[in-house]
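**Q** File name target_13.txt; file contents compact mmCIF, C-alpha atoms; full text below.
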```txt
# COMPACT_ATOMS: atom_id res chain seq x y z
CA MET A 49 13.90 -68.17 78.57
CA ALA A 50 17.36 -68.92 77.44
CA ASN A 51 20.01 -66.53 78.39
CA LYS A 52 21.35 -64.46 75.44
CA LYS A 53 24.98 -64.37 74.88
CA PRO A 54 26.41 -60.91 75.25
CA ARG A 55 27.73 -59.41 72.01
CA LYS A 56 31.41 -59.10 71.64
CA ILE A 57 32.34 -55.56 70.98
CA THR A 58 35.50 -55.26 68.97
CA GLU A 59 37.70 -52.20 68.46
CA GLY A 60 36.32 -49.83 65.86
CA TYR A 61 32.85 -51.18 66.16
CA VAL A 62 30.09 -48.67 65.66
CA PRO A 63 26.60 -49.48 66.71
CA ARG A 64 24.02 -49.76 63.96
CA TRP A 65 22.09 -46.72 65.10
CA ASP A 66 25.27 -44.61 65.05
CA GLN A 67 26.53 -45.74 61.64
CA THR A 68 24.62 -43.11 59.64
CA THR A 69 25.92 -40.25 61.74
CA HIS A 70 29.43 -41.65 61.58
CA ASP A 71 29.31 -41.92 57.77
CA MET A 72 28.09 -38.33 57.38
CA THR A 73 30.85 -37.04 59.64
CA ALA A 74 33.42 -38.94 57.60
CA ASP A 75 32.08 -37.48 54.32
CA VAL A 76 32.12 -33.92 55.65
CA GLY A 77 35.66 -34.31 56.85
CA GLY A 78 36.74 -35.62 53.46
CA MET A 79 35.12 -32.74 51.63
CA GLU A 80 36.80 -30.26 53.94
CA VAL A 81 40.16 -31.77 53.13
CA ILE A 82 39.44 -31.62 49.41
CA ARG A 83 38.28 -27.98 49.69
CA LYS A 84 41.43 -27.00 51.51
CA LYS A 85 43.57 -28.68 48.89
CA ARG A 86 41.72 -26.92 46.07
CA THR A 87 41.95 -23.55 47.80
CA THR A 88 45.68 -24.00 48.24
CA PHE A 89 46.05 -24.94 44.57
CA TYR A 90 44.11 -21.93 43.29
CA ARG A 91 45.95 -19.60 45.62
CA ARG A 92 49.31 -20.83 44.35
CA TYR A 93 48.06 -20.60 40.74
CA VAL A 94 46.97 -16.98 41.16
CA TRP A 95 50.24 -15.96 42.75
CA ALA A 96 52.19 -17.75 40.04
CA ALA A 97 50.19 -15.93 37.37
CA VAL A 98 50.74 -12.56 39.08
CA ILE A 99 54.47 -13.13 39.30
CA MET A 100 55.08 -14.82 35.96
CA THR A 101 52.91 -12.67 33.66
CA PRO A 102 55.17 -9.54 33.81
CA VAL A 103 58.21 -11.77 33.38
CA LEU A 104 56.76 -13.43 30.30
CA LEU A 105 55.69 -10.06 28.91
CA LEU A 106 59.19 -8.66 29.41
CA VAL A 107 60.69 -11.68 27.65
CA LEU A 108 58.28 -11.19 24.75
CA LEU A 109 59.13 -7.48 24.42
CA VAL A 110 62.86 -8.22 24.45
CA TYR A 111 62.33 -10.78 21.70
CA VAL A 112 60.30 -8.33 19.57
CA PHE A 113 62.82 -5.52 19.98
CA ASN A 114 65.71 -7.79 19.13
CA THR A 115 63.87 -8.96 16.02
CA ILE A 116 63.27 -5.38 14.92
CA ALA A 117 66.90 -4.45 15.62
CA TYR A 118 68.12 -7.10 13.23
CA GLU A 119 65.76 -6.01 10.45
CA GLU A 120 67.09 -3.63 7.80
CA GLU A 121 66.01 -0.07 8.56
CA ALA A 122 63.78 1.56 5.95
CA PRO A 123 64.78 5.01 4.68
CA VAL A 124 63.28 7.94 6.52
CA VAL A 125 60.86 9.68 4.17
CA GLN A 126 59.39 12.99 5.28
CA ARG A 127 58.31 16.26 3.72
CA ALA A 128 60.15 19.28 5.11
CA ALA A 129 59.45 23.00 4.94
CA ASP A 130 63.13 23.87 4.54
CA SER A 131 66.39 22.17 3.72
CA PRO A 132 70.16 22.75 3.95
CA THR A 133 70.41 21.83 0.26
CA LYS A 134 67.62 24.13 -0.97
CA ALA A 135 70.03 26.73 -2.37
CA THR A 136 72.04 24.08 -4.23
CA ALA A 137 68.92 22.58 -5.82
CA SER A 138 67.44 25.98 -6.75
CA ASN A 139 70.70 27.10 -8.30
CA ARG A 140 70.92 23.89 -10.31
CA ILE A 141 67.46 24.18 -11.85
CA THR A 142 68.10 27.85 -12.69
CA GLU A 143 71.36 26.98 -14.44
CA TRP A 144 69.61 24.10 -16.20
CA LEU A 145 66.82 26.36 -17.54
CA ASP A 146 69.41 28.92 -18.73
CA SER A 147 71.65 26.35 -20.40
CA SER A 148 72.10 26.07 -24.17
CA PRO A 149 70.47 24.38 -25.91
CA ALA A 150 67.56 25.26 -23.65
CA PRO A 151 65.75 22.28 -22.07
CA LEU A 152 62.62 24.48 -22.01
CA PRO A 153 62.67 27.55 -24.30
CA GLY A 154 61.65 30.60 -22.31
CA GLY A 155 61.36 28.55 -19.14
CA LYS A 156 61.47 30.42 -15.81
CA LEU A 157 61.51 29.16 -12.26
CA ILE A 158 58.20 30.02 -10.56
CA SER A 159 58.39 28.39 -7.13
CA TRP A 160 60.15 25.97 -4.84
CA ASP A 161 57.39 23.62 -3.67
CA GLY A 162 59.12 21.70 -0.89
CA VAL A 163 61.51 18.82 -0.36
CA ILE A 164 61.20 15.11 0.41
CA SER A 165 63.96 13.87 2.70
CA SER A 166 64.67 10.18 2.04
CA VAL A 167 67.81 9.61 4.10
CA GLU A 168 69.48 11.76 6.75
CA PRO A 169 73.31 11.86 6.79
CA GLN A 170 74.77 9.78 9.62
CA MET A 171 77.99 8.27 10.94
CA VAL A 172 78.32 4.48 10.48
CA LYS A 173 81.02 1.88 11.15
CA ASP A 174 82.61 -0.03 8.31
CA GLU A 175 83.86 -3.62 8.51
CA SER A 176 87.13 -2.50 10.09
CA GLY A 177 85.34 -0.49 12.77
CA GLU A 178 86.26 2.89 11.29
CA MET A 179 83.56 5.58 11.44
CA LEU A 180 82.43 6.79 8.02
CA GLU A 181 79.98 9.54 7.04
CA GLU A 182 77.02 8.16 5.11
CA PRO A 183 75.45 10.85 2.87
CA GLY A 184 71.84 11.97 3.01
CA LEU A 185 69.43 12.15 0.09
CA GLU A 186 66.75 14.75 -0.68
CA THR A 187 64.41 15.41 -3.61
CA HIS A 188 63.43 19.05 -4.22
CA GLN A 189 60.25 19.95 -6.08
CA PHE A 190 59.80 23.00 -8.32
CA THR A 191 57.30 24.63 -10.67
CA VAL A 192 58.58 26.25 -13.88
CA ARG A 193 56.74 28.26 -16.50
CA THR A 194 57.11 29.10 -20.18
CA ASP A 195 56.45 32.48 -21.78
CA ALA A 196 53.18 31.06 -23.12
CA GLY A 197 51.99 30.27 -19.60
CA GLN A 198 52.41 26.48 -19.60
CA LEU A 199 53.40 25.13 -16.18
CA PHE A 200 55.69 22.18 -15.49
CA HIS A 201 56.63 20.17 -12.41
CA SER A 202 60.32 19.43 -11.99
CA THR A 203 62.49 17.71 -9.39
CA VAL A 204 66.14 17.93 -8.40
CA GLN A 205 67.76 15.21 -6.28
CA VAL A 206 70.64 16.17 -4.00
CA THR A 207 72.99 14.11 -1.87
CA TRP A 208 75.02 15.71 0.89
CA THR A 209 77.12 15.26 4.01
CA ASP A 210 77.74 17.73 6.79
CA SER A 211 81.47 17.84 6.07
CA LEU A 212 81.56 17.75 2.26
CA GLY A 213 78.41 19.68 1.33
CA ALA A 214 75.91 18.92 -1.43
CA ALA A 215 76.12 17.36 -4.87
CA ILE A 216 73.46 17.05 -7.58
CA VAL A 217 72.32 13.55 -8.54
CA GLY A 218 71.23 13.60 -12.20
CA ASP A 219 69.59 16.35 -14.25
CA PRO A 220 66.11 17.82 -13.71
CA SER A 221 63.18 16.69 -15.82
CA LEU A 222 59.81 18.16 -16.80
CA GLU A 223 56.26 16.95 -16.22
CA PRO A 224 53.52 19.16 -17.73
CA LEU A 225 50.77 20.30 -15.39
CA MET A 226 47.17 20.39 -16.54
CA ARG A 227 45.99 23.91 -17.35
CA ASP A 228 43.34 25.31 -15.06
CA ASN A 229 39.90 25.95 -16.48
CA ALA A 230 39.94 29.70 -17.02
CA THR A 231 36.22 29.78 -17.77
CA THR A 232 35.19 28.49 -14.33
CA SER A 233 33.01 31.06 -12.58
CA VAL A 234 34.15 32.00 -9.08
CA GLU A 235 31.47 34.58 -8.38
CA MET A 236 29.45 32.22 -6.16
CA VAL A 237 32.37 30.46 -4.46
CA ALA A 238 32.00 30.67 -0.66
CA VAL A 239 35.26 32.54 -0.12
CA TRP A 240 34.52 32.92 3.62
CA PRO A 241 33.53 29.48 4.96
CA GLY A 242 30.37 29.56 7.03
CA ARG A 243 29.11 32.82 5.57
CA THR A 244 26.29 32.82 3.07
CA LEU A 245 26.85 35.04 0.04
CA SER A 246 24.22 37.62 -0.82
CA PRO A 247 23.91 40.66 -3.10
CA ALA A 248 25.89 43.64 -1.85
CA PRO A 249 23.81 46.57 -0.57
CA THR A 250 23.72 49.66 -2.78
CA GLY A 251 25.85 51.61 -0.34
CA ALA A 252 28.76 49.13 -0.36
CA LEU A 253 30.43 50.34 -3.56
CA PRO A 254 30.38 54.08 -2.60
CA ALA A 255 31.65 53.20 0.90
CA VAL A 256 34.58 51.26 -0.55
CA ASP A 257 35.39 54.16 -2.90
CA VAL A 258 35.48 56.61 0.04
CA TRP A 259 37.89 54.33 1.86
CA LEU A 260 40.06 53.75 -1.24
CA GLN A 261 40.48 57.45 -2.00
CA ALA A 262 41.56 58.04 1.61
CA TYR A 263 43.82 54.98 1.52
CA VAL A 264 45.80 56.29 -1.49
CA SER A 265 45.77 59.93 -0.34
CA GLY A 266 49.02 59.68 1.57
CA ASP A 267 47.28 61.17 4.62
CA SER A 268 46.79 59.15 7.81
CA ASP A 269 44.11 61.50 9.17
CA LYS A 270 41.99 61.09 6.04
CA ILE A 271 41.91 57.34 6.54
CA ARG A 272 40.90 57.68 10.18
CA LEU A 273 38.06 60.00 9.18
CA ALA A 274 36.97 57.73 6.32
CA VAL A 275 36.71 54.68 8.59
CA LYS A 276 35.16 56.80 11.37
CA ASP A 277 37.70 55.66 13.96
CA PRO A 278 36.82 57.51 17.20
CA ASN A 279 40.28 57.04 18.73
CA GLU A 280 42.48 60.03 17.95
CA GLU A 281 45.54 58.06 19.09
CA HIS A 282 45.11 55.68 16.14
CA HIS A 283 47.19 56.27 13.03
CA TYR A 284 47.05 54.61 9.61
CA PHE A 285 49.81 54.08 7.08
CA PRO A 286 48.50 55.07 3.62
CA LEU A 287 49.61 54.36 0.08
CA ILE A 288 51.65 57.20 -1.37
CA GLN A 289 52.91 58.07 -4.84
CA VAL A 290 49.57 56.98 -6.36
CA ALA A 291 48.35 58.85 -9.43
CA ASP A 292 44.87 57.36 -9.61
CA ALA A 293 42.70 54.70 -7.95
CA SER A 294 39.21 53.42 -8.58
CA VAL A 295 36.90 50.62 -7.46
CA ASP A 296 36.24 48.19 -10.27
CA THR A 297 33.65 45.88 -8.73
CA VAL A 298 32.37 44.15 -5.60
CA THR A 299 32.65 40.45 -6.40
CA HIS A 300 31.44 38.88 -3.12
CA PHE A 301 29.43 40.01 -0.11
CA ALA A 302 28.28 38.28 3.08
CA VAL A 303 26.57 39.53 6.23
CA ASN A 304 28.04 38.55 9.58
CA PRO A 305 25.61 35.90 10.94
CA GLU A 306 26.32 37.07 14.51
CA ASP A 307 25.95 40.79 13.77
CA PRO A 308 23.62 41.85 10.91
CA SER A 309 25.12 45.34 10.93
CA GLN A 310 28.50 43.99 9.75
CA GLY A 311 29.37 42.59 6.34
CA LEU A 312 32.37 41.38 4.39
CA ALA A 313 33.00 42.46 0.82
CA ARG A 314 35.63 41.40 -1.68
CA VAL A 315 36.45 44.30 -3.96
CA THR A 316 38.66 44.67 -7.00
CA THR A 317 40.42 48.01 -7.40
CA LYS A 318 42.67 49.55 -10.02
CA ILE A 319 45.65 51.55 -8.80
CA THR A 320 47.99 53.56 -11.02
CA TRP A 321 51.32 54.65 -9.60
CA ASP A 322 53.02 57.97 -10.26
CA GLY A 323 55.30 57.90 -13.26
CA THR A 324 53.11 55.62 -15.33
CA PRO A 325 52.64 57.24 -18.78
CA VAL A 326 49.28 57.80 -20.40
CA ASP A 327 48.07 58.14 -23.95
CA SER A 328 47.71 61.90 -24.36
CA SER A 329 44.93 61.45 -26.91
CA SER A 330 42.60 59.46 -24.66
CA GLN A 331 44.20 59.83 -21.23
CA GLU A 332 43.99 56.07 -20.78
CA TYR A 333 46.83 54.76 -18.70
CA ILE A 334 49.23 52.27 -20.27
CA ASN A 335 51.21 49.80 -18.17
CA GLY A 336 49.21 51.04 -15.21
CA GLY A 337 45.92 50.66 -13.45
CA GLY A 338 46.87 47.22 -12.19
CA ALA A 339 44.12 45.24 -10.45
CA GLN A 340 44.35 44.67 -6.70
CA THR A 341 41.81 42.72 -4.65
CA PHE A 342 40.95 43.40 -1.01
CA ASP A 343 38.71 41.90 1.64
CA VAL A 344 37.03 44.77 3.53
CA LEU A 345 34.90 44.83 6.66
CA LEU A 346 31.93 47.17 6.52
CA GLN A 347 29.92 48.50 9.44
CA ASP A 348 26.25 49.62 9.26
CA VAL A 349 25.50 47.51 6.19
CA ASP A 350 21.87 47.45 7.31
CA THR A 351 21.66 51.20 6.68
CA ALA A 352 21.98 53.41 3.62
CA SER A 353 25.49 54.59 4.59
CA PRO A 354 27.85 51.71 5.47
CA THR A 355 31.50 52.38 6.33
CA VAL A 356 34.69 50.42 5.70
CA VAL A 357 36.31 49.87 9.11
CA ALA A 358 39.08 47.37 8.25
CA TRP A 359 40.76 45.80 5.23
CA GLY A 360 43.23 43.10 4.24
CA GLY A 361 44.32 40.83 1.41
CA THR A 362 42.15 38.18 -0.18
CA GLY A 363 41.23 35.44 2.25
CA THR A 364 41.74 37.55 5.40
CA GLY A 365 38.15 38.74 5.68
CA GLN A 366 37.12 36.53 8.60
CA ASP A 367 40.07 37.77 10.66
CA LEU A 368 39.14 41.43 10.25
CA THR A 369 37.90 43.44 13.22
CA PRO A 370 37.01 47.16 13.34
CA TYR A 371 40.08 49.41 13.18
CA LYS A 372 42.45 46.44 13.01
CA ASN A 373 44.74 48.34 10.62
CA ALA A 374 45.35 51.15 13.13
CA LEU A 375 48.83 51.82 14.49
CA VAL A 376 48.84 52.60 18.22
CA ASP A 377 51.33 55.04 19.78
CA ARG A 378 53.27 55.34 16.55
CA ALA A 379 53.28 58.41 14.35
CA VAL A 380 53.16 58.00 10.58
CA ASP A 381 55.91 59.75 8.63
CA THR A 382 54.93 59.74 4.97
CA ALA A 383 57.43 62.46 4.05
CA ASN A 384 60.32 60.00 4.38
CA SER A 385 58.46 56.85 3.31
CA ASN A 386 58.52 56.96 -0.48
CA PHE A 387 57.87 53.59 -2.06
CA PHE A 388 59.93 54.54 -5.11
CA LYS A 389 62.92 56.79 -5.44
CA PRO A 390 62.14 59.83 -7.62
CA GLU A 391 64.90 58.95 -10.05
CA SER A 392 63.60 55.41 -10.47
CA VAL A 393 60.11 56.77 -11.15
CA GLU A 394 61.45 59.12 -13.82
CA LYS A 395 63.53 56.36 -15.39
CA ARG A 396 60.60 53.94 -15.49
CA MET A 397 58.35 56.64 -16.90
CA LYS A 398 60.82 57.42 -19.69
CA GLU A 399 61.28 53.73 -20.52
CA ASN A 400 57.52 53.19 -20.66
CA ILE A 401 56.96 56.23 -22.82
CA ASP A 402 59.71 55.23 -25.24
CA ALA A 403 58.31 51.69 -25.47
CA TYR A 404 54.78 52.98 -26.03
CA ASN A 405 55.85 55.44 -28.72
CA LYS A 406 57.92 52.79 -30.46
CA ALA A 407 55.03 50.34 -30.45
CA ASN A 408 52.68 52.93 -31.92
CA GLY A 409 55.12 54.27 -34.52
CA GLY A 410 55.10 57.87 -33.35
CA LYS A 411 56.61 60.39 -30.97
CA ASP A 412 55.18 62.34 -28.07
CA LEU A 413 52.10 60.11 -27.93
CA ALA A 414 52.44 59.48 -24.21
CA LYS A 415 53.24 61.56 -21.18
CA ALA A 416 53.23 61.33 -17.41
CA PRO A 417 49.93 61.13 -15.53
CA ASN A 418 48.08 64.32 -14.67
CA VAL A 419 50.18 66.34 -17.14
CA LYS A 420 47.98 68.55 -19.29
CA GLU A 421 48.84 69.58 -22.81
CA ASP A 422 49.61 73.22 -23.48
```
Hey, can you dump this file as structure tokens for me?

**A**
Amino acid sequence: MANKKPRKITEGYVPRWDQTTHDMTADVGGMEVIRKKRTTFYRRYVWAAVIMTPVLLLVLLVYVFNTIAYEEEAPVVQRAADSPTKATASNRITEWLDSSPAPLPGGKLISWDGVISSVEPQMVKDESGEMLEEPGLETHQFTVRTDAGQLFHSTVQVTWTDSLGAAIVGDPSLEPLMRDNATTSVEMVAVWPGRTLSPAPTGALPAVDVWLQAYVSGDSDKIRLAVKDPNEEHHYFPLIQVADASVDTVTHFAVNPEDPSQGLARVTTKITWDGTPVDSSSQEYINGGGAQTFDVLLQDVDTASPTVVAWGGTGTGQDLTPYKNALVDRAVDTANSNFFKPESVEKRMKENIDAYNKANGGKDLAKAPNVKED
């Protein structure tokens, strides 16, 4: 058998049986290097994003604000409840209505309805750098009325500065307002939201009359007794100088959904003040017996004898609570609380009587209330 020549092993030689293992080790090492490189890249990317995002956002905000700063500012338009130029505008429309020839015959100012502020006065620099006062601008809104009852909307524009005051810009004008439908029935309008209207119990009208007679009696104790207030420290301020009062009608009624023993009623009354003349032939009051409407709170409406325990103007019904009208720790002095001075009552009575007699073409046709003929 011939001798085999020994194989020459050179540097870097890998035996055949070890080549597979060697190749796998090489691949794993390469992947590890690639993974490390990728991890380093992503880490640097994340940190760059964390650092640069706020910077870019700040740059963007600065750009936006600078853009806005260079834009022309729009006038400030807002509706205000009061104004430093209100008196000037009101005086102007009054003078305008009273001027001759009249812009609206028989026109009278009814209400100031608010103001729209377009520009506020401010200090600005001119081209030379000097500070100048730029005037403000407001538009006042009014309602005026004719003797025939027609309503109009009118505006008055005013410019003003803090140092120079106000000046009128142009004359007022008139825009007719649509007349309301006087025939619309309001008997079933839900005047107290959330409360269902129902027919008033039979005892409501007499209960309101008991309260009304006490209310106009001039006597605090009578009111407390009428409303059945158990607290003797409560006092009530009555109407005084009333010649006559009566309940005309109960227009609305609703039971309290949380307490069936309580109910709200809207009542129309007629009150005639002392000094109002009457027709001596029929004893019907003239220029008197004016209608007044109240919201009243009644207790025990589920019985035959309800009682008025609180009252207020129209629209206040849901705020009423028993004995809300009582004065605590304060005595009522009706002796020194006349609503009218005696001389003014006598003067008004004489004027009314003279006007009534003149209108009816006779003398001594009218006299003061509660005055019997001889």

**Q** Could you tell me how far CA of Leu312 in chain A sits from CA of Gly251 in chain A, in Å to one decimal place?

**A**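 CA of Leu312 in chain A lies 13.0 Å from CA of Gly251 in chain A.
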
**Q** For Ala214 in chain A, find every residue with an atom within 12 Å (counting all atoms listed in the file), except residues of its own chain fewer than 6 positions away, and show them as a PyMOL selection string.

**A** chain A and resi 131-137+139-140+169+183-186+205-208

**Q** Could you check how far CA of Thr369 in chain A sits from CA of Arg272 in chain A, in Å to one decimal?

**A** 14.9 Å

**Q** Distance CA of Asp322 in chain A-CA of Asp292 in chain A, one decimal place?

**A**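 Distance between the two atoms: 8.2 Å.
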
**Q** Listing only residues of range 266-335 of chain A within 9 Å of range 240-248 of chain A, what is the closest atom pair and its distance in Å (to one decimal) for each, using all atoms listed in the file, sorted by chain and residue number ascending, as a Markdown table?

**A**
```
| residue | atom | partner | partner_atom | distance |
| --- | --- | --- | --- | --- |
| A:Val298 | CA | A:Ala248 | CA | 7.5 |
| A:Thr299 | CA | A:Ala248 | CA | 8.8 |
| A:His300 | CA | A:Leu245 | CA | 6.8 |
| A:Phe301 | CA | A:Ala248 | CA | 5.4 |
| A:Ala302 | CA | A:Leu245 | CA | 4.7 |
| A:Val303 | CA | A:Arg243 | CA | 7.2 |
| A:Asn304 | CA | A:Arg243 | CA | 7.1 |
| A:Pro305 | CA | A:Arg243 | CA | 7.1 |
| A:Gly311 | CA | A:Ala248 | CA | 9.0 |
| A:Leu312 | CA | A:Trp240 | CA | 8.8 |
| A:Ala313 | CA | A:Ala248 | CA | 7.7 |
```
